[in-house]
file data38.tsv (TSV, C-alpha atoms)
chain	number	residue	atom	x	y	z
M	15	MET	CA	23.34	56.29	13.21
M	16	ALA	CA	19.67	55.38	13.10
M	17	ARG	CA	20.32	53.28	10.04
M	18	TRP	CA	23.16	51.45	11.84
M	19	LYS	CA	20.95	50.76	14.87
M	20	THR	CA	18.23	49.36	12.66
M	21	ALA	CA	20.64	46.97	10.97
M	22	LYS	CA	22.10	45.94	14.30
M	23	GLU	CA	18.67	45.30	15.71
M	24	ALA	CA	17.75	43.27	12.65
M	25	VAL	CA	20.84	41.09	13.05
M	26	ALA	CA	20.13	40.59	16.75
M	27	GLU	CA	16.51	39.73	16.03
M	28	ALA	CA	17.50	37.23	13.35
M	29	ALA	CA	19.98	35.57	15.70
M	30	GLU	CA	17.35	35.35	18.42
M	31	ASN	CA	14.89	33.78	15.98
M	32	ASN	CA	17.50	31.22	14.94
M	33	VAL	CA	18.09	30.26	18.56
M	34	ARG	CA	14.37	29.90	19.16
M	35	GLY	CA	14.01	27.86	16.00
M	36	ALA	CA	16.86	25.60	17.01
M	37	LYS	CA	15.32	25.05	20.43
M	38	GLY	CA	11.91	24.38	18.96
M	39	GLY	CA	13.38	22.13	16.30
M	40	GLY	CA	15.28	20.23	18.96
M	41	LYS	CA	12.03	19.44	20.73
M	42	ARG	CA	10.28	18.43	17.54
M	43	ARG	CA	13.17	16.29	16.35
M	44	ARG	CA	13.92	14.55	19.61
M	45	VAL	CA	14.94	10.95	18.95
M	46	LEU	CA	14.71	9.32	22.36
M	47	THR	CA	10.97	9.54	22.84
M	48	PRO	CA	9.18	7.07	25.13
M	49	SER	CA	7.71	5.30	22.08
M	50	PHE	CA	11.13	4.89	20.47
M	51	VAL	CA	12.65	3.57	23.70
M	52	LEU	CA	9.79	1.09	24.10
M	53	ALA	CA	10.14	-0.08	20.50
M	54	SER	CA	13.89	-0.60	21.01
M	55	LEU	CA	13.35	-2.55	24.24
M	56	LEU	CA	10.77	-4.77	22.58
M	57	PHE	CA	13.21	-5.47	19.75
M	58	VAL	CA	15.81	-6.60	22.27
M	59	ALA	CA	13.17	-8.69	24.04
M	60	LEU	CA	12.33	-10.39	20.73
M	61	LEU	CA	15.99	-11.25	20.15
M	62	VAL	CA	16.18	-12.73	23.66
M	63	ALA	CA	13.00	-14.74	23.09
M	64	ILE	CA	14.45	-16.16	19.86
M	65	ALA	CA	17.80	-16.99	21.46
M	66	VAL	CA	16.40	-18.67	24.57
M	67	PRO	CA	15.82	-22.42	23.96
M	68	GLY	CA	12.15	-23.35	24.17
M	69	LYS	CA	10.07	-26.50	24.39
M	70	ALA	CA	9.86	-26.62	20.60
M	71	THR	CA	13.10	-27.03	18.68
M	72	PRO	CA	13.04	-25.38	15.25
M	73	LYS	CA	15.47	-26.40	12.54
M	74	THR	CA	17.18	-23.01	12.45
M	75	SER	CA	16.68	-19.54	13.93
M	76	VAL	CA	19.00	-17.70	11.55
M	77	PRO	CA	16.30	-16.55	9.05
M	78	PHE	CA	14.14	-15.25	11.91
M	79	PHE	CA	17.08	-13.32	13.35
M	80	ALA	CA	17.84	-11.92	9.90
M	81	ALA	CA	14.20	-10.90	9.36
M	82	ALA	CA	14.11	-9.16	12.75
M	83	PHE	CA	17.26	-7.15	11.98
M	84	ILE	CA	15.93	-6.21	8.53
M	85	MET	CA	12.67	-4.96	10.08
M	86	GLU	CA	14.59	-3.01	12.71
M	87	ALA	CA	16.80	-1.47	10.01
M	88	LEU	CA	13.72	-0.43	8.02
M	89	PHE	CA	12.19	1.06	11.17
M	90	LEU	CA	15.31	3.11	11.93
M	91	TRP	CA	15.61	4.19	8.28
M	92	ARG	CA	12.02	5.40	8.37
M	93	TYR	CA	12.17	7.04	11.80
M	94	LEU	CA	15.60	8.59	12.28
M	95	PRO	CA	15.56	11.26	9.51
M	96	ALA	CA	14.47	14.51	11.15
M	97	ARG	CA	11.87	15.40	8.54
M	98	ALA	CA	10.28	11.94	8.52
M	99	ARG	CA	10.32	11.41	12.28
M	100	ASN	CA	6.84	10.42	13.34
M	101	GLN	CA	5.60	8.68	16.47
M	102	SER	CA	3.20	6.56	14.42
M	103	THR	CA	6.27	4.78	13.04
M	104	CYS	CA	7.21	3.79	16.58
M	105	HIS	CA	3.67	2.65	17.29
M	106	ILE	CA	3.74	0.38	14.24
M	107	ALA	CA	7.08	-1.06	15.37
M	108	ILE	CA	5.74	-1.62	18.89
M	109	ALA	CA	2.71	-3.51	17.55
M	110	LEU	CA	4.91	-5.60	15.25
M	111	TRP	CA	7.41	-6.54	17.97
M	112	LEU	CA	4.60	-7.41	20.39
M	113	LEU	CA	2.99	-9.67	17.80
M	114	LEU	CA	6.25	-11.47	17.05
M	115	ILE	CA	7.12	-11.83	20.74
M	116	VAL	CA	3.73	-13.35	21.57
M	117	TRP	CA	3.96	-15.65	18.54
M	118	GLU	CA	7.48	-16.77	19.50
M	119	VAL	CA	6.76	-17.29	23.20
M	120	VAL	CA	3.46	-19.10	22.71
M	121	SER	CA	4.47	-21.36	19.81
M	122	THR	CA	8.19	-22.00	20.42
M	123	ASP	CA	9.13	-21.21	24.02
M	124	LEU	CA	5.99	-22.59	25.72
M	125	LYS	CA	4.64	-24.77	22.88
M	126	LEU	CA	1.02	-23.95	23.67
M	127	THR	CA	-0.22	-23.98	20.07
M	128	HIS	CA	-0.81	-26.76	17.56
M	129	PRO	CA	2.51	-27.22	15.70
M	130	VAL	CA	0.75	-27.72	12.33
M	131	LEU	CA	-2.00	-25.12	12.47
M	132	ILE	CA	0.16	-22.42	14.09
M	133	PRO	CA	3.78	-23.10	13.09
M	134	ASN	CA	6.55	-21.40	15.00
M	135	PRO	CA	8.02	-18.25	13.41
M	136	GLU	CA	11.49	-19.79	12.95
M	137	ASN	CA	10.11	-22.36	10.52
M	138	VAL	CA	7.94	-19.79	8.75
M	139	PHE	CA	10.79	-17.38	8.10
M	140	ALA	CA	13.00	-20.29	7.05
M	141	VAL	CA	10.65	-20.77	4.08
M	142	PHE	CA	11.90	-17.55	2.46
M	143	PRO	CA	15.52	-18.62	1.83
M	144	ALA	CA	14.49	-22.23	1.19
M	145	ARG	CA	11.83	-21.41	-1.42
M	146	TRP	CA	13.05	-18.04	-2.61
M	147	PRO	CA	13.10	-18.90	-6.36
M	148	GLU	CA	9.53	-20.21	-6.15
M	149	LEU	CA	8.36	-17.13	-4.26
M	150	VAL	CA	10.01	-14.75	-6.71
M	151	GLN	CA	8.45	-16.56	-9.65
M	152	ASN	CA	4.98	-16.36	-8.08
M	153	VAL	CA	5.40	-12.68	-7.20
M	154	ALA	CA	6.43	-11.90	-10.78
M	155	SER	CA	3.41	-13.79	-12.13
M	156	SER	CA	1.03	-11.90	-9.87
M	157	LEU	CA	2.56	-8.52	-10.66
M	158	ILE	CA	2.27	-9.07	-14.41
M	159	LEU	CA	-1.44	-9.81	-14.11
M	160	LEU	CA	-1.88	-6.93	-11.67
M	161	VAL	CA	-0.27	-4.40	-14.00
M	162	GLU	CA	-2.27	-5.57	-17.00
M	163	GLY	CA	-5.65	-5.54	-15.25
M	164	PHE	CA	-5.10	-2.52	-13.05
M	165	LEU	CA	-3.68	-0.16	-15.65
M	166	THR	CA	-6.31	-1.14	-18.22
M	167	SER	CA	-9.19	-0.57	-15.81
M	168	LEU	CA	-7.70	2.66	-14.48
M	169	VAL	CA	-7.18	4.22	-17.91
M	170	ALA	CA	-10.53	3.04	-19.25
M	171	GLY	CA	-12.44	4.08	-16.12
M	172	ASN	CA	-11.01	7.59	-16.05
M	173	ILE	CA	-11.17	8.33	-19.78
M	174	ILE	CA	-14.69	6.96	-20.19
M	175	GLY	CA	-15.73	8.64	-16.95
M	176	LEU	CA	-14.53	12.00	-18.23
M	177	PHE	CA	-16.55	11.65	-21.46
M	178	VAL	CA	-19.63	10.42	-19.57
M	179	GLY	CA	-19.37	13.11	-16.93
M	180	TRP	CA	-18.97	15.83	-19.54
M	181	CYS	CA	-21.96	14.77	-21.68
M	182	PRO	CA	-25.20	15.15	-19.64
M	183	LYS	CA	-27.33	12.84	-21.81
M	184	VAL	CA	-24.74	10.05	-21.69
M	185	ARG	CA	-24.33	10.58	-17.95
M	186	GLU	CA	-28.05	10.09	-17.36
M	187	ALA	CA	-27.87	6.68	-19.06
M	188	VAL	CA	-24.54	5.39	-17.72
M	189	TYR	CA	-24.55	6.68	-14.14
M	190	PRO	CA	-27.36	4.39	-12.87
M	191	ILE	CA	-25.58	1.35	-14.33
M	192	ALA	CA	-22.26	2.27	-12.72
M	193	HIS	CA	-24.04	3.03	-9.44
M	194	VAL	CA	-25.46	-0.52	-9.37
M	195	LEU	CA	-22.35	-2.41	-10.53
M	196	ALA	CA	-19.67	-0.52	-8.56
M	197	PRO	CA	-20.53	-2.06	-5.14
M	198	VAL	CA	-20.68	-5.64	-6.51
M	199	PRO	CA	-17.48	-7.54	-5.50
M	200	ALA	CA	-15.75	-8.57	-8.70
M	201	ILE	CA	-14.47	-11.75	-7.10
M	202	VAL	CA	-17.97	-13.27	-7.34
M	203	PHE	CA	-17.48	-13.38	-11.11
M	204	ALA	CA	-14.19	-15.31	-10.84
M	205	PRO	CA	-15.57	-18.91	-11.05
M	206	TYR	CA	-17.73	-18.00	-14.06
M	207	LEU	CA	-14.95	-16.08	-15.81
M	208	VAL	CA	-12.51	-18.94	-15.31
M	209	MET	CA	-14.93	-21.24	-17.14
M	210	LEU	CA	-15.96	-18.66	-19.76
M	211	LEU	CA	-12.66	-17.17	-20.89
M	212	PRO	CA	-10.01	-19.16	-22.79
M	213	SER	CA	-7.28	-18.86	-20.15
M	214	PHE	CA	-6.91	-18.17	-16.48
M	215	LYS	CA	-4.74	-15.17	-17.26
M	216	ALA	CA	-7.59	-13.53	-19.14
M	217	ALA	CA	-10.00	-14.39	-16.31
M	218	ALA	CA	-7.73	-12.88	-13.64
M	219	VAL	CA	-7.20	-9.69	-15.67
M	220	MET	CA	-10.97	-9.42	-16.18
M	221	VAL	CA	-11.63	-9.84	-12.45
M	222	ILE	CA	-9.26	-6.96	-11.67
M	223	PHE	CA	-10.76	-4.91	-14.51
M	224	LEU	CA	-14.33	-5.34	-13.25
M	225	GLY	CA	-13.34	-4.63	-9.67
M	226	ILE	CA	-11.59	-1.35	-10.48
M	227	PHE	CA	-13.36	-0.12	-13.62
M	228	TRP	CA	-16.88	0.49	-12.30
M	229	SER	CA	-15.80	2.22	-9.10
M	230	THR	CA	-13.30	4.37	-11.04
M	231	LEU	CA	-15.94	5.24	-13.62
M	232	LEU	CA	-18.43	6.20	-10.92
M	233	ASN	CA	-15.94	8.33	-8.98
M	234	THR	CA	-14.78	10.11	-12.15
M	235	ILE	CA	-18.36	10.94	-13.18
M	236	LEU	CA	-19.06	12.37	-9.73
M	237	CYS	CA	-15.84	14.41	-9.74
M	238	VAL	CA	-16.61	15.91	-13.14
M	239	GLU	CA	-20.16	16.66	-12.07
M	240	SER	CA	-18.96	18.44	-8.92
M	241	MET	CA	-16.22	20.39	-10.71
M	242	ASP	CA	-16.02	24.14	-10.05
M	243	ARG	CA	-18.47	25.82	-12.43
M	244	HIS	CA	-16.22	28.86	-12.82
M	245	ILE	CA	-13.54	26.69	-14.44
M	246	LEU	CA	-16.06	25.11	-16.78
M	247	ASP	CA	-17.63	28.44	-17.74
M	248	SER	CA	-14.22	29.94	-18.46
M	249	ALA	CA	-13.30	26.98	-20.65
M	250	LYS	CA	-16.62	27.11	-22.51
M	251	MET	CA	-16.08	30.77	-23.32
M	252	LEU	CA	-12.94	29.76	-25.24
M	253	GLY	CA	-15.03	27.54	-27.50
M	254	LEU	CA	-13.01	24.40	-26.81
M	255	SER	CA	-13.96	21.15	-28.50
M	256	THR	CA	-14.99	18.13	-26.41
M	257	PRO	CA	-11.65	16.25	-26.77
M	258	THR	CA	-9.70	19.42	-25.97
M	259	MET	CA	-11.93	20.11	-22.99
M	260	ILE	CA	-11.46	16.59	-21.66
M	261	PHE	CA	-7.70	16.19	-22.16
M	262	ARG	CA	-6.57	19.78	-21.58
M	263	VAL	CA	-8.94	20.91	-18.82
M	264	LEU	CA	-10.77	18.05	-17.11
M	265	LEU	CA	-7.94	15.52	-17.04
M	266	PRO	CA	-5.33	17.86	-15.45
M	267	TYR	CA	-7.97	18.98	-12.96
M	268	MET	CA	-8.81	15.37	-12.09
M	269	TYR	CA	-5.24	14.10	-11.85
M	270	PRO	CA	-4.66	14.81	-8.12
M	271	THR	CA	-7.86	12.95	-7.25
M	272	VAL	CA	-6.90	10.04	-9.48
M	273	ALA	CA	-3.37	9.88	-8.08
M	274	THR	CA	-4.42	9.90	-4.43
M	275	GLY	CA	-7.10	7.30	-5.16
M	276	LEU	CA	-4.41	4.83	-6.20
M	277	LYS	CA	-3.54	4.31	-2.54
M	278	THR	CA	-6.85	2.50	-1.99
M	279	GLN	CA	-7.40	1.06	-5.46
M	280	LEU	CA	-4.08	-0.77	-5.73
M	281	PRO	CA	-4.46	-2.87	-2.54
M	282	THR	CA	-8.03	-3.67	-3.61
M	283	ALA	CA	-6.80	-4.88	-6.99
M	284	MET	CA	-4.10	-6.98	-5.33
M	285	LEU	CA	-6.67	-8.54	-3.00
M	286	MET	CA	-8.94	-9.48	-5.90
M	287	LEU	CA	-6.01	-10.92	-7.84
M	288	VAL	CA	-4.87	-13.14	-4.98
M	289	MET	CA	-8.40	-14.41	-4.46
M	290	ALA	CA	-8.85	-15.03	-8.18
M	291	GLU	CA	-5.59	-16.99	-8.30
M	292	MET	CA	-7.06	-19.43	-5.78
M	293	TYR	CA	-9.65	-20.65	-8.31
M	294	GLY	CA	-7.51	-22.23	-10.98
M	295	ALA	CA	-4.14	-20.60	-11.41
M	296	THR	CA	-0.90	-22.50	-11.82
M	297	SER	CA	1.27	-19.65	-10.51
M	298	GLY	CA	1.00	-16.51	-8.43
M	299	LEU	CA	0.81	-15.70	-4.73
M	300	GLY	CA	-2.79	-16.84	-4.45
M	301	TYR	CA	-1.86	-20.15	-6.04
M	302	PHE	CA	1.10	-20.50	-3.65
M	303	VAL	CA	-1.18	-20.06	-0.63
M	304	ILE	CA	-4.04	-22.31	-1.79
M	305	ASN	CA	-1.69	-25.01	-3.10
M	306	TYR	CA	0.04	-25.50	0.24
M	307	THR	CA	-3.29	-25.18	2.05
M	308	ASN	CA	-4.50	-28.23	0.14
M	309	TYR	CA	-1.43	-30.12	1.40
M	310	ALA	CA	-1.94	-28.81	4.97
M	311	ASN	CA	1.52	-27.22	4.85
M	312	TYR	CA	0.55	-24.19	6.94
M	313	THR	CA	4.16	-23.16	7.44
M	314	ASN	CA	4.36	-22.30	3.74
M	315	VAL	CA	0.84	-20.85	3.86
M	316	VAL	CA	1.78	-18.34	6.56
M	317	ALA	CA	4.97	-17.49	4.65
M	318	GLY	CA	2.85	-16.85	1.53
M	319	ILE	CA	0.51	-14.58	3.49
M	320	ILE	CA	3.49	-12.62	4.79
M	321	MET	CA	4.81	-12.35	1.22
M	322	VAL	CA	1.48	-10.91	0.08
M	323	GLY	CA	1.72	-8.30	2.83
M	324	ILE	CA	5.27	-7.41	1.81
M	325	VAL	CA	4.28	-6.98	-1.85
M	326	VAL	CA	1.27	-4.80	-0.97
M	327	THR	CA	3.41	-2.68	1.36
M	328	VAL	CA	6.07	-2.12	-1.31
M	329	LEU	CA	3.42	-1.22	-3.90
M	330	ASN	CA	1.80	1.24	-1.50
M	331	TRP	CA	5.18	2.83	-0.82
M	332	LEU	CA	5.89	3.19	-4.54
M	333	VAL	CA	2.47	4.71	-5.20
M	334	GLY	CA	2.85	7.09	-2.27
M	335	MET	CA	6.27	8.19	-3.50
M	336	ALA	CA	4.91	8.76	-7.02
M	337	VAL	CA	2.00	10.80	-5.64
M	338	ARG	CA	4.32	12.95	-3.55
M	339	LYS	CA	6.53	13.61	-6.58
M	340	THR	CA	3.70	14.51	-8.94
M	341	VAL	CA	1.15	16.12	-6.61
M	342	LYS	CA	3.21	18.66	-4.69
M	343	TRP	CA	0.50	19.56	-2.16
M	344	SER	CA	-0.30	15.93	-1.20

call {"tool": "encode", "arguments": {"input": "data38.tsv", "output": "C-alpha cells"}}
result
Amino acid sequence: MARWKTAKEAVAEAAENNVRGAKGGGKRRRVLTPSFVLASLLFVALLVAIAVPGKATPKTSVPFFAAAFIMEALFLWRYLPARARNQSTCHIAIALWLLLIVWEVVSTDLKLTHPVLIPNPENVFAVFPARWPELVQNVASSLILLVEGFLTSLVAGNIIGLFVGWCPKVREAVYPIAHVLAPVPAIVFAPYLVMLLPSFKAAAVMVIFLGIFWSTLLNTILCVESMDRHILDSAKMLGLSTPTMIFRVLLPYMYPTVATGLKTQLPTAMLMLVMAEMYGATSGLGYFVINYTNYANYTNVVAGIIMVGIVVTVLNWLVGMAVRKTVKWS
C-alpha cells in the first residue's frame, strides 16, 4: 500500500510540475508583447506612408512594398518560433520601421530633402530589380576576394600563432612586432599595394591579409600563453612532439576562441575589402559605390550601401550558425 501511495504521489507531482511548466512556458513564449504589437503597428504605418501620394512622385513603389514585406517576413520568421523568441528582435524591427517611415515621410511625402543627395526610398529600392545582374556580379567578385584573403590570413595567423606561442624564444622575438602592427589599419597600405602588386586582385587580397593576420597572430599568441598550465603539464608528461602538441592539443583547445572570433573578424575583413575596392577595382561592391558616387548617382550609391549591409548580415548569420553547430556551448 505504501508503495502504491508513493507511485500515486509521484504521478500527481509530475502532473503538477507539467502544469506549472506549461504556465511558465506560456508566459515566456507569449507572442503579443508590447514590443511586437508596436513593431506590427509601425509596419502598417510604413505601408500607409508608402501608399499615400506625396509631394514627390517616384517612378514605382512596387519594389519598396516588396522589400517591406520581405523584411516583415524575415522578422516574423526570426521572432515567432518559441525557442528563438526574443524582444531584441522586436526592438530591431521597431528601429528599422521608424527609420524607413521617417525616410519616406521626409523625402517623398513632404519632400523636405534634396532629391539628389537624399533620394526617396522608392527609387532606391527600385535599383535592385533594375540592376540585379550588375549587383550579383559585384557581390560575387567581392566574395571571391574576401574568401581568398580572409581564409589565408585566418589559417596563417592561427597556425603561426600556435607555433610562436608554444616556443618561448620565438615568442619573445615575434610578439613585439605583432603588438606594433596589429593596431595599424590595413587600409592605409591599399594605395601603395595597388601600385606595387601586379593586379588589383592581389592588392585587395593582401589588404585583407594584413588586416586580419596580425591581429589573429597576436590573439593566438596570447591565448596560448594564457592556456591552463595543468593541460600543458599533462601533455608534456606524455612526451609529445611539437607538431603533435600543436595540432592535437593546442589547436582543439583554441578552436572555440577562433570560431567565436569570426563574428568580429569577418565584418572587419568585409569593411577593408569594400574600402580597398574604391581605390582601383573594376568590379565589387566598393567599386559599385565609388563608381556611381563619381557620377553623382546617389540613388545607386545608397542601394549599394544597403547591399553591403545585406551581404555582411548574411555572412554574420552563416558564421553564427556554423559556430552554434560546432561549438555546442556557444

call {"tool": "closest_residue", "arguments": {"input": "data38.tsv", "among": "M:Phe214, M:Phe223, M:Phe78, M:Phe50", "to": "Ala200 in chain M", "atoms": "all atoms listed in the file"}}
result
M:Phe223

call {"tool": "atom_distance", "arguments": {"input": "data38.tsv", "atom1": "CA of Phe261 in chain M", "atom2": "CA of Phe227 in chain M"}}
result
19.3 Å

call {"tool": "closest_residue", "arguments": {"input": "data38.tsv", "among": "M:Leu157, M:Leu149, M:Ala53, M:Val221", "to": "Ile106 in chain M", "atoms": "all atoms listed in the file"}}
result
M:Ala53

call {"tool": "atom_distance", "arguments": {"input": "data38.tsv", "atom1": "CA of Ile304 in chain M", "atom2": "CA of Ser121 in chain M"}}
result
23.2 Å

call {"tool": "closest_residue", "arguments": {"input": "data38.tsv", "among": "M:Met289, M:Leu160, M:Cys237, M:Val76", "to": "Val141 in chain M", "atoms": "only C-alpha atoms"}}
result
M:Val76

call {"tool": "residues_around", "arguments": {"input": "data38.tsv", "residues": "Ile222 in chain M", "least_positions_apart": "4", "cutoff": "8 Å", "atoms": "all atoms listed in the file", "output": "NGL selection string"}}
result
:M and (160 or 163-164 or 167 or 200 or 218 or 226 or 283 or 286-287)

call {"tool": "residues_around", "arguments": {"input": "data38.tsv", "residues": "range 183-193 of chain M", "least_positions_apart": "6", "cutoff": "12 Å", "atoms": "all atoms listed in the file", "output": "NGL selection string"}}
result
:M and (171 or 174-177 or 224-236 or 238-239)
